[in-house]
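See below for my_file.cif, which holds mmCIF, C-alpha atoms.
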data_input
loop_
_atom_site.label_atom_id
_atom_site.label_comp_id
_atom_site.auth_asym_id
_atom_site.auth_seq_id
_atom_site.Cartn_x
_atom_site.Cartn_y
_atom_site.Cartn_z
CA MET S 2 0.00 0.00 0.00
CA ALA S 3 1.67 3.17 -1.14
CA GLU S 4 0.91 6.56 0.12
CA LYS S 5 -0.13 9.20 -2.34
CA THR S 6 0.63 12.36 -0.51
CA VAL S 7 4.12 13.06 0.70
CA ALA S 8 3.16 12.52 4.25
CA THR S 9 5.04 12.34 7.46
CA SER S 10 8.66 12.19 6.52
CA SER S 11 9.32 14.22 9.60
CA GLN S 12 6.88 15.25 12.23
CA GLU S 13 7.59 18.93 11.83
CA ARG S 14 6.07 18.73 8.41
CA SER S 15 2.83 17.20 9.52
CA THR S 16 0.78 19.72 7.60
CA PRO S 17 0.87 18.79 3.93
CA ASN S 18 -0.66 21.47 1.83
CA ARG S 19 -3.58 20.29 -0.11
CA GLU S 20 -3.94 22.70 -2.92
CA GLY S 21 -7.30 24.13 -3.65
CA THR S 22 -8.37 26.86 -5.94
CA ARG S 23 -10.58 28.53 -3.46
CA SER S 24 -10.43 27.26 0.08
CA GLN S 25 -7.75 28.33 2.47
CA GLU S 26 -8.37 25.44 4.80
CA ARG S 27 -5.57 23.72 6.58
CA TYR S 28 -5.15 19.99 6.67
CA VAL S 29 -3.26 17.56 8.80
CA THR S 30 -2.51 13.92 8.22
CA PRO S 31 -4.08 11.69 10.81
CA PRO S 32 -1.86 8.96 12.25
CA VAL S 33 -2.78 5.51 11.01
CA ASP S 34 -2.16 1.90 11.79
CA ILE S 35 -2.26 -0.46 8.87
CA TYR S 36 -2.00 -4.17 9.40
CA GLU S 37 -2.93 -7.40 7.78
CA ASN S 38 -5.34 -9.87 9.15
CA GLY S 39 -6.40 -13.09 7.52
CA ASP S 40 -8.89 -11.50 5.14
CA GLY S 41 -7.10 -8.39 4.09
CA LEU S 42 -5.91 -5.07 5.36
CA VAL S 43 -7.18 -3.11 8.32
CA VAL S 44 -6.66 0.65 8.40
CA LYS S 45 -7.20 2.54 11.63
CA ALA S 46 -7.00 6.30 11.71
CA ASP S 47 -7.31 8.70 14.63
CA LEU S 48 -9.80 11.39 13.70
CA PRO S 49 -10.74 13.12 16.95
CA GLY S 50 -13.71 15.43 16.80
CA VAL S 51 -15.00 14.14 13.49
CA ALA S 52 -18.65 13.11 13.44
CA LYS S 53 -19.96 10.47 11.08
CA GLU S 54 -21.69 12.97 8.81
CA ASN S 55 -18.50 14.98 8.35
CA LEU S 56 -16.34 12.07 7.36
CA ASP S 57 -15.74 11.35 3.73
CA VAL S 58 -14.09 8.09 2.81
CA ARG S 59 -13.96 7.20 -0.83
CA VAL S 60 -12.17 4.99 -3.27
CA GLU S 61 -11.63 6.30 -6.75
CA ASN S 62 -9.22 4.87 -9.28
CA ASN S 63 -7.53 2.79 -6.61
CA LEU S 64 -7.04 5.86 -4.48
CA LEU S 65 -8.36 5.69 -0.96
CA THR S 66 -9.11 9.14 0.41
CA ILE S 67 -9.90 9.92 4.01
CA HIS S 68 -11.22 13.39 4.60
CA GLY S 69 -12.68 14.45 7.93
CA LYS S 70 -13.90 17.73 9.26
CA PRO S 71 -14.02 18.21 13.00
CA THR S 72 -16.98 20.36 13.93
CA HIS S 73 -16.54 20.81 17.64
CA VAL S 74 -16.12 24.45 18.55
CA ALA S 75 -14.89 25.25 22.02
CA PRO S 76 -17.30 27.53 23.85
CA GLY S 77 -16.12 30.73 25.47
CA ASP S 78 -12.79 32.47 25.09
CA SER S 79 -9.66 30.44 24.72
CA ILE S 80 -7.15 30.79 27.53
CA HIS S 81 -4.73 27.98 26.79
CA ARG S 82 -4.23 26.12 23.53
CA GLU S 83 -2.12 23.09 22.80
CA TYR S 84 -3.65 21.98 19.54
CA GLU S 85 -5.94 23.10 16.82
CA LEU S 86 -8.70 21.02 15.42
CA VAL S 87 -8.25 21.30 11.70
CA ASN S 88 -9.35 19.11 8.82
CA PHE S 89 -7.87 15.68 8.33
CA PHE S 90 -6.77 14.49 4.96
CA ARG S 91 -4.82 11.47 3.85
CA GLN S 92 -4.61 9.38 0.73
CA PHE S 93 -3.36 5.92 0.06
CA GLU S 94 -2.96 4.13 -3.20
CA LEU S 95 -4.66 0.80 -3.08
CA ASN S 96 -3.34 -2.35 -4.47
CA GLU S 97 -5.19 -4.08 -7.29
CA ARG S 98 -5.79 -6.97 -5.00
CA VAL S 99 -8.26 -5.18 -2.75
CA ASP S 100 -11.86 -6.12 -3.35
CA ARG S 101 -13.29 -2.64 -3.54
CA SER S 102 -16.90 -3.73 -3.42
CA LYS S 103 -16.45 -5.16 0.05
CA ILE S 104 -14.71 -2.31 1.82
CA SER S 105 -16.39 -1.46 5.09
CA ALA S 106 -15.88 1.50 7.38
CA ASP S 107 -16.72 2.17 10.98
CA LEU S 108 -16.22 5.30 13.04
CA LYS S 109 -16.19 4.95 16.80
CA HIS S 110 -14.82 7.25 19.50
CA GLY S 111 -12.94 9.27 16.94
CA VAL S 112 -11.23 6.28 15.36
CA LEU S 113 -11.98 5.21 11.81
CA THR S 114 -11.60 1.52 11.09
CA LEU S 115 -11.53 0.44 7.47
CA LEU S 116 -11.55 -3.15 6.37
CA LEU S 117 -10.09 -3.73 2.96
CA PRO S 118 -10.69 -7.35 2.06
CA LYS S 119 -8.42 -9.08 -0.34
CA ALA S 120 -9.85 -10.06 -3.68
CA GLU S 121 -10.55 -13.76 -3.96
CA GLU S 122 -7.85 -14.39 -6.53
CA ALA S 123 -5.27 -12.75 -4.30
CA LYS S 124 -5.88 -14.97 -1.32
CA PRO S 125 -3.27 -17.55 -0.69
CA ARG S 126 -4.22 -20.94 -1.92
CA LYS S 127 -2.98 -24.06 -0.43
CA ILE S 128 -1.40 -26.40 -2.86
CA ASP S 129 -0.89 -29.93 -1.85
CA VAL S 130 2.48 -31.24 -2.64
CA ARG S 131 2.47 -34.86 -3.37
CA ILE S 132 5.58 -36.71 -2.74
CA ASN S 133 6.05 -39.70 -4.86
CA MET L 8 52.19 33.72 26.90
CA ALA L 9 48.59 32.66 26.62
CA GLN L 10 46.29 34.32 29.02
CA TRP L 11 43.27 32.55 30.35
CA ASN L 12 40.14 34.49 29.75
CA PRO L 13 37.20 33.10 31.73
CA PHE L 14 34.67 34.98 29.62
CA GLU L 15 35.83 33.22 26.53
CA ASP L 16 34.99 29.87 28.06
CA VAL L 17 31.62 31.06 29.22
CA ASP L 18 30.96 32.41 25.76
CA ALA L 19 31.87 29.11 24.17
CA LEU L 20 29.63 27.24 26.55
CA ARG L 21 26.80 29.59 25.85
CA ARG L 22 27.17 29.12 22.10
CA GLU L 23 27.12 25.39 22.57
CA ILE L 24 23.94 25.50 24.61
CA ASP L 25 22.34 27.79 22.06
CA ARG L 26 23.19 25.32 19.36
CA ALA L 27 21.72 22.45 21.33
CA PHE L 28 18.46 24.27 21.84
CA GLU L 29 18.34 25.81 18.41
CA GLY L 30 14.82 26.12 17.16
CA PHE L 31 13.38 24.69 20.33
CA GLY L 32 10.21 26.41 21.28
CA SER L 33 9.68 28.35 18.10
CA ARG L 34 8.16 25.51 16.16
CA HIS L 35 6.22 24.38 19.18
CA ALA L 36 4.02 27.44 19.15
CA PRO L 37 0.52 26.08 19.70
CA SER L 38 -0.89 27.79 16.65
CA GLU L 39 1.65 26.06 14.46
CA ARG L 40 1.23 22.68 15.94
CA ALA L 41 -1.82 21.01 14.58
CA ALA L 42 -4.07 18.27 15.75
CA PHE L 43 -1.69 15.64 14.50
CA LEU L 44 -1.00 13.18 17.23
CA PRO L 45 2.39 11.61 16.88
CA GLY L 46 1.59 9.68 20.00
CA ARG L 47 5.00 8.31 20.73
CA GLY L 48 7.63 9.89 22.85
CA PRO L 49 7.80 11.64 26.16
CA ARG L 50 5.24 14.29 25.66
CA ARG L 51 2.16 15.39 27.43
CA TYR L 52 -0.85 13.31 26.65
CA PRO L 53 -3.60 14.13 26.13
CA LEU L 54 -3.23 17.56 24.62
CA ILE L 55 -5.77 19.96 26.01
CA ASN L 56 -7.39 23.23 25.12
CA LEU L 57 -8.75 25.40 27.88
CA SER L 58 -11.39 28.05 27.45
CA GLU L 59 -13.67 29.99 29.70
CA ASP L 60 -16.66 32.24 29.78
CA LYS L 61 -18.16 34.21 32.60
CA ASP L 62 -19.54 31.24 34.51
CA ARG L 63 -17.65 28.20 33.34
CA LEU L 64 -14.31 26.73 32.45
CA TYR L 65 -14.11 24.29 29.55
CA ILE L 66 -11.45 21.67 28.97
CA GLU L 67 -11.23 19.81 25.72
CA ALA L 68 -8.80 16.92 25.50
CA LEU L 69 -7.71 15.09 22.37
CA THR L 70 -8.35 11.46 23.22
CA PRO L 71 -9.33 9.40 20.18
CA GLY L 72 -9.94 5.72 20.63
CA VAL L 73 -10.01 5.67 24.39
CA ASP L 74 -12.17 3.05 26.01
CA PRO L 75 -14.93 5.10 27.72
CA GLN L 76 -14.98 2.65 30.62
CA SER L 77 -11.39 3.48 31.46
CA LEU L 78 -11.84 7.25 31.50
CA GLU L 79 -11.43 8.83 34.88
CA VAL L 80 -11.81 12.49 35.63
CA SER L 81 -11.03 13.52 39.17
CA MET L 82 -10.53 16.70 41.07
CA LEU L 83 -8.31 17.30 44.05
CA GLN L 84 -8.09 20.79 45.45
CA ASN L 85 -7.36 22.83 42.38
CA ARG L 86 -6.06 20.03 40.19
CA LEU L 87 -8.04 18.27 37.56
CA THR L 88 -6.71 14.87 36.62
CA LEU L 89 -7.57 13.08 33.41
CA ALA L 90 -6.73 9.42 33.18
CA GLY L 91 -7.62 6.59 30.86
CA GLU L 92 -6.35 3.96 28.57
CA LYS L 93 -6.15 3.98 24.84
CA SER L 94 -6.85 0.45 23.82
CA ARG L 95 -4.49 -1.66 21.84
CA ILE L 96 -5.70 -3.18 18.64
CA ALA L 97 -8.13 -5.90 19.49
CA GLY L 98 -6.64 -9.34 19.31
CA GLU L 99 -3.14 -10.34 18.60
CA VAL L 100 -1.53 -8.83 15.56
CA LYS L 101 1.87 -10.14 14.77
CA PRO L 102 4.51 -7.43 14.49
CA GLU L 103 5.29 -8.47 10.95
CA ALA L 104 1.66 -7.97 9.94
CA PHE L 105 1.98 -4.22 10.44
CA HIS L 106 2.50 -2.02 7.44
CA ARG L 107 2.30 1.14 9.47
CA SER L 108 2.06 1.75 13.15
CA GLU L 109 1.73 5.41 13.97
CA ARG L 110 -0.96 5.43 16.61
CA ALA L 111 0.20 5.02 20.14
CA SER L 112 -1.67 3.22 22.87
CA GLY L 113 -1.51 2.65 26.56
CA LYS L 114 -2.42 4.25 29.83
CA PHE L 115 -2.17 7.95 30.37
CA VAL L 116 -2.67 10.42 33.15
CA ARG L 117 -2.41 14.17 33.12
CA SER L 118 -3.07 16.75 35.80
CA VAL L 119 -3.96 20.31 35.10
CA GLU L 120 -3.83 23.11 37.59
CA LEU L 121 -6.93 25.21 37.12
CA PRO L 122 -6.59 28.97 36.92
CA VAL L 123 -9.71 29.67 38.97
CA GLU L 124 -11.66 28.02 41.72
CA VAL L 125 -14.44 25.79 40.51
CA ASP L 126 -17.53 24.24 42.01
CA GLU L 127 -16.39 20.67 42.41
CA THR L 128 -19.86 19.25 42.84
CA ALA L 129 -21.12 20.40 39.46
CA ILE L 130 -18.37 19.25 37.11
CA GLN L 131 -19.58 17.49 34.01
CA ALA L 132 -17.59 15.36 31.61
CA GLU L 133 -18.56 14.02 28.23
CA TYR L 134 -16.76 11.81 25.75
CA LYS L 135 -17.78 12.64 22.24
CA ASN L 136 -16.20 11.64 18.92
CA GLY L 137 -12.88 11.05 20.57
CA LEU L 138 -12.83 14.33 22.46
CA LEU L 139 -13.11 14.49 26.21
CA LEU L 140 -15.08 17.58 27.14
CA VAL L 141 -15.11 18.71 30.75
CA THR L 142 -17.27 21.59 31.88
CA LEU L 143 -16.41 23.14 35.23
CA PRO L 144 -18.68 25.80 36.72
CA LYS L 145 -16.70 28.51 38.43
CA ALA L 146 -17.07 28.92 42.16
CA ALA L 147 -19.23 31.84 43.18
CA LYS L 148 -16.30 33.80 44.50
CA ALA L 149 -14.31 33.32 41.31
CA LYS L 150 -16.97 34.91 39.17
CA PRO L 151 -16.53 38.55 38.27
CA LYS L 152 -18.73 40.85 40.24
CA GLN L 153 -20.05 44.05 38.84
CA ILE L 154 -19.57 46.99 41.14
CA THR L 155 -21.66 50.01 40.53
CA VAL L 156 -19.90 53.29 40.70
CA ASN L 157 -21.75 55.84 42.72
CA VAL L 158 -21.48 59.30 41.42
CA ALA L 159 -21.21 61.77 44.21
#
Please go through the file and, once you have read it, give me the structure as structure tokens.
Amino acid sequence: MAEKTVATSSQERSTPNREGTRSQERYVTPPVDIYENGDGLVVKADLPGVAKENLDVRVENNLLTIHGKPTHVAPGDSIHREYELVNFFRQFELNERVDRSKISADLKHGVLTLLLPKAEEAKPRKIDVRIN
Amino acid sequence: MAQWNPFEDVDALRREIDRAFEGFGSRHAPSERAAFLPGRGPRRYPLINLSEDKDRLYIEALTPGVDPQSLEVSMLQNRLTLAGEKSRIAGEVKPEAFHRSERASGKFVRSVELPVEVDETAIQAEYKNGLLLVTLPKAAKAKPKQITVNVA
């Protein structure tokens, strides 16, 4: 799985600029875990403050795009700030072997879990070796 | 004959320290640092934002993926303590099965000294979309009081 955007080569540069013609919005790359289980790949991304209706996950031309917009606005006047809630954006290039029709997504407690099942033909097949 | 100049040594030491701390601080300005959570390393966790209005103090902590059962918010004197555990990935995943592992996990605790006195009996905490939101009503004596000016 290759990453499309030039992401987190160093943590200082954690704000890749996503170019737009109009919007001046800032984006950050959410940290992700990607691992394999028996059926395919699991992608977990931390997207704090993003509600289900403001999350956009799509697959187009083998490109998986995660785009989330946190909507929580702190009430009152700010007196101490350690972070800013800005939009999340990250792209990954998917392998041909992912069965795109069976991708499922779940958002819980600010963590997005994506299941990317392997296509049938890509699953390992056991071949019996006969020894004569 | 070479003369020992103590100031030269102090100057050299100072330059060395400056070099070691070069750029420290400047790039850690809160406005520059975004919501990205590198997770690993000896840093404060969770990151918090503090805001207030006339009657209340609001704390917002960045805690995605924390098991709500493990969250503990407690108050002792003027210190608010946030504790919890960010769960590991369910089940056993072999290290070699990981393609990327950027999210941290584990137990955390952080105490915050509050700038004003609060009413400890009326503190409310909510866990929503991975944010821990604590609302603390200010104590009566910490609220601003309007004083009318009598014109003589």
Sort by chain and increasing residue number a table of all residues of chain L within 6 Å of chain S, each with its closest pair of atoms and their distance in Å to one decimal, counting only C-alpha atoms, and write it as a Markdown table.
| residue | atom | partner | partner_atom | distance |
| --- | --- | --- | --- | --- |
| L:Pro37 | CA | S:Glu83 | CA | 5.1 |
| L:Ala41 | CA | S:Glu85 | CA | 5.1 |
| L:Ala42 | CA | S:Glu85 | CA | 5.3 |
| L:Phe43 | CA | S:Pro31 | CA | 5.9 |
| L:Leu54 | CA | S:Glu83 | CA | 5.9 |
| L:Ile55 | CA | S:Glu83 | CA | 5.8 |
| L:Asn56 | CA | S:Arg82 | CA | 4.6 |
| L:Leu57 | CA | S:His81 | CA | 4.9 |
| L:Ser58 | CA | S:Ser79 | CA | 4.0 |
| L:Glu59 | CA | S:Gly77 | CA | 4.9 |
| L:Asp60 | CA | S:Gly77 | CA | 4.6 |
| L:Pro71 | CA | S:Gly111 | CA | 4.9 |
| L:Gly72 | CA | S:His110 | CA | 5.2 |
| L:Ala104 | CA | S:Glu37 | CA | 5.1 |
| L:Phe105 | CA | S:Tyr36 | CA | 4.1 |
| L:His106 | CA | S:Ile35 | CA | 5.2 |
| L:Arg107 | CA | S:Ile35 | CA | 4.9 |
| L:Ser108 | CA | S:Asp34 | CA | 4.4 |
| L:Glu109 | CA | S:Pro32 | CA | 5.3 |
| L:Arg110 | CA | S:Pro32 | CA | 5.7 |
| L:Asn136 | CA | S:Gly111 | CA | 4.5 |
| L:Gly137 | CA | S:Gly111 | CA | 4.0 |
| L:Leu138 | CA | S:Gly50 | CA | 5.8 |
**Request:** Can you give me, as number ranges by chain, the residues this file yields under the PyMOL selection byres ((chain L and resi 140-149) around 8)?
**Result:** L: 62-68, 123-127, 129-135, 138-139, 150-151
**Between CA of Leu65 (chain S) and CA of Leu95 (chain S) - distance in Å to one decimal** =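 Between CA of Leu95 (chain S) and CA of Leu65 (chain S) the gap works out to 6.5 Å.
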**Request:** Please indicate the distance in Å from CA of Thr114 (chain S) to CA of Asp40 (chain S), rounded to one decimal place.
**Result:**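 Rounded to one decimal, the two atoms are 14.6 Å apart.
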**Message:** I'd like the residues picked by the PyMOL selection byres ((chain S and resi 120) around 10) written out as a list in words, using the chain letters and numbers from the file.
**Reply:**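 Checked against the file, the PyMOL selection byres ((chain S and resi 120) around 10) matches Asp40, Gly41, Glu97, Arg98, Val99, Asp100, Arg101, Ser102, Lys103, Leu117, Pro118, Lys119, Glu121, Glu122, Ala123 and Lys124 of chain S.
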**Asked** What gap, in Å, lies between CA of Pro75 (chain L) and CA of Lys114 (chain L)?
**Response** 12.7 Å
Residues within 8 Å of Ser118 (chain L), please, as an mmCIF file with C-alpha atoms, keeping the file's coordinate frame. Count all atoms listed in the file; anything in the same chain fewer than 5 positions from it doesn't count.
data_model
loop_
_atom_site.group_PDB
_atom_site.id
_atom_site.type_symbol
_atom_site.label_atom_id
_atom_site.label_comp_id
_atom_site.auth_asym_id
_atom_site.auth_seq_id
_atom_site.Cartn_x
_atom_site.Cartn_y
_atom_site.Cartn_z
ATOM 1 C CA ARG L 86 -6.060 20.030 40.190
ATOM 2 C CA LEU L 87 -8.040 18.270 37.560
ATOM 3 C CA THR L 88 -6.710 14.870 36.620
ATOM 4 C CA LEU L 89 -7.570 13.080 33.410
#
**Request:** Counting only C-alpha atoms, find the residues whose atoms lie at most 6 Å from (-3.7, 22.6, 38.8) (file coordinates) and write them out as a count of residues only.
**Result:** 5
Take region 88-120 of chain S, model N, CA and C atoms, and hand the result over as a CSV table (one decimal), in the coordinates of the input.
chain,number,residue,atom,x,y,z
S,88,ASN,N,-8.9,20.2,9.6
S,88,ASN,CA,-9.4,19.1,8.8
S,88,ASN,C,-8.3,18.0,8.7
S,89,PHE,N,-8.8,16.8,8.5
S,89,PHE,CA,-7.9,15.7,8.3
S,89,PHE,C,-7.9,15.3,6.9
S,90,PHE,N,-6.8,14.9,6.3
S,90,PHE,CA,-6.8,14.5,5.0
S,90,PHE,C,-5.6,13.5,4.8
S,91,ARG,N,-5.9,12.4,4.2
S,91,ARG,CA,-4.8,11.5,3.8
S,91,ARG,C,-5.2,10.6,2.7
S,92,GLN,N,-4.3,10.2,1.9
S,92,GLN,CA,-4.6,9.4,0.7
S,92,GLN,C,-3.6,8.2,0.7
S,93,PHE,N,-4.2,7.1,0.3
S,93,PHE,CA,-3.4,5.9,0.1
S,93,PHE,C,-3.7,5.3,-1.3
S,94,GLU,N,-2.7,4.8,-1.9
S,94,GLU,CA,-3.0,4.1,-3.2
S,94,GLU,C,-3.2,2.7,-2.9
S,95,LEU,N,-4.3,2.2,-3.4
S,95,LEU,CA,-4.7,0.8,-3.1
S,95,LEU,C,-4.1,-0.1,-4.1
S,96,ASN,N,-3.8,-1.3,-3.6
S,96,ASN,CA,-3.3,-2.4,-4.5
S,96,ASN,C,-4.5,-2.9,-5.3
S,97,GLU,N,-4.2,-3.5,-6.4
S,97,GLU,CA,-5.2,-4.1,-7.3
S,97,GLU,C,-5.9,-5.2,-6.6
S,98,ARG,N,-5.2,-5.7,-5.6
S,98,ARG,CA,-5.8,-7.0,-5.0
S,98,ARG,C,-6.8,-6.7,-3.9
S,99,VAL,N,-7.2,-5.5,-3.7
S,99,VAL,CA,-8.3,-5.2,-2.8
S,99,VAL,C,-9.6,-5.3,-3.4
S,100,ASP,N,-10.5,-6.0,-2.8
S,100,ASP,CA,-11.9,-6.1,-3.4
S,100,ASP,C,-12.6,-4.9,-3.0
S,101,ARG,N,-12.8,-3.9,-3.9
S,101,ARG,CA,-13.3,-2.6,-3.5
S,101,ARG,C,-14.8,-2.7,-3.2
S,102,SER,N,-15.5,-3.7,-3.7
S,102,SER,CA,-16.9,-3.7,-3.4
S,102,SER,C,-17.2,-4.1,-2.0
S,103,LYS,N,-16.2,-4.7,-1.3
S,103,LYS,CA,-16.4,-5.2,0.0
S,103,LYS,C,-15.8,-4.3,1.1
S,104,ILE,N,-15.4,-3.1,0.8
S,104,ILE,CA,-14.7,-2.3,1.8
S,104,ILE,C,-15.8,-1.9,2.8
S,105,SER,N,-15.4,-2.0,4.1
S,105,SER,CA,-16.4,-1.5,5.1
S,105,SER,C,-15.7,-0.5,6.0
S,106,ALA,N,-16.5,0.5,6.5
S,106,ALA,CA,-15.9,1.5,7.4
S,106,ALA,C,-16.7,1.6,8.6
S,107,ASP,N,-16.0,2.0,9.7
S,107,ASP,CA,-16.7,2.2,11.0
S,107,ASP,C,-16.0,3.3,11.7
S,108,LEU,N,-16.8,4.2,12.3
S,108,LEU,CA,-16.2,5.3,13.0
S,108,LEU,C,-16.7,5.2,14.5
S,109,LYS,N,-15.8,5.1,15.4
S,109,LYS,CA,-16.2,5.0,16.8
S,109,LYS,C,-15.2,5.7,17.7
S,110,HIS,N,-15.7,6.5,18.6
S,110,HIS,CA,-14.8,7.2,19.5
S,110,HIS,C,-13.7,8.0,18.8
S,111,GLY,N,-14.0,8.5,17.6
S,111,GLY,CA,-12.9,9.3,16.9
S,111,GLY,C,-11.9,8.4,16.2
S,112,VAL,N,-12.2,7.1,16.1
S,112,VAL,CA,-11.2,6.3,15.4
S,112,VAL,C,-12.0,5.6,14.2
S,113,LEU,N,-11.4,5.8,13.0
S,113,LEU,CA,-12.0,5.2,11.8
S,113,LEU,C,-11.3,3.9,11.6
S,114,THR,N,-12.1,2.8,11.4
S,114,THR,CA,-11.6,1.5,11.1
S,114,THR,C,-12.1,1.1,9.7
S,115,LEU,N,-11.2,0.9,8.8
S,115,LEU,CA,-11.5,0.4,7.5
S,115,LEU,C,-11.1,-1.0,7.3
S,116,LEU,N,-11.9,-1.8,6.7
S,116,LEU,CA,-11.6,-3.2,6.4
S,116,LEU,C,-11.5,-3.2,4.9
S,117,LEU,N,-10.3,-3.6,4.4
S,117,LEU,CA,-10.1,-3.7,3.0
S,117,LEU,C,-9.8,-5.2,2.6
S,118,PRO,N,-10.9,-5.9,2.3
S,118,PRO,CA,-10.7,-7.4,2.1
S,118,PRO,C,-9.9,-7.6,0.8
S,119,LYS,N,-9.2,-8.7,0.8
S,119,LYS,CA,-8.4,-9.1,-0.3
S,119,LYS,C,-9.4,-9.7,-1.4
S,120,ALA,N,-9.1,-9.4,-2.6
S,120,ALA,CA,-9.8,-10.1,-3.7
S,120,ALA,C,-9.6,-11.6,-3.6
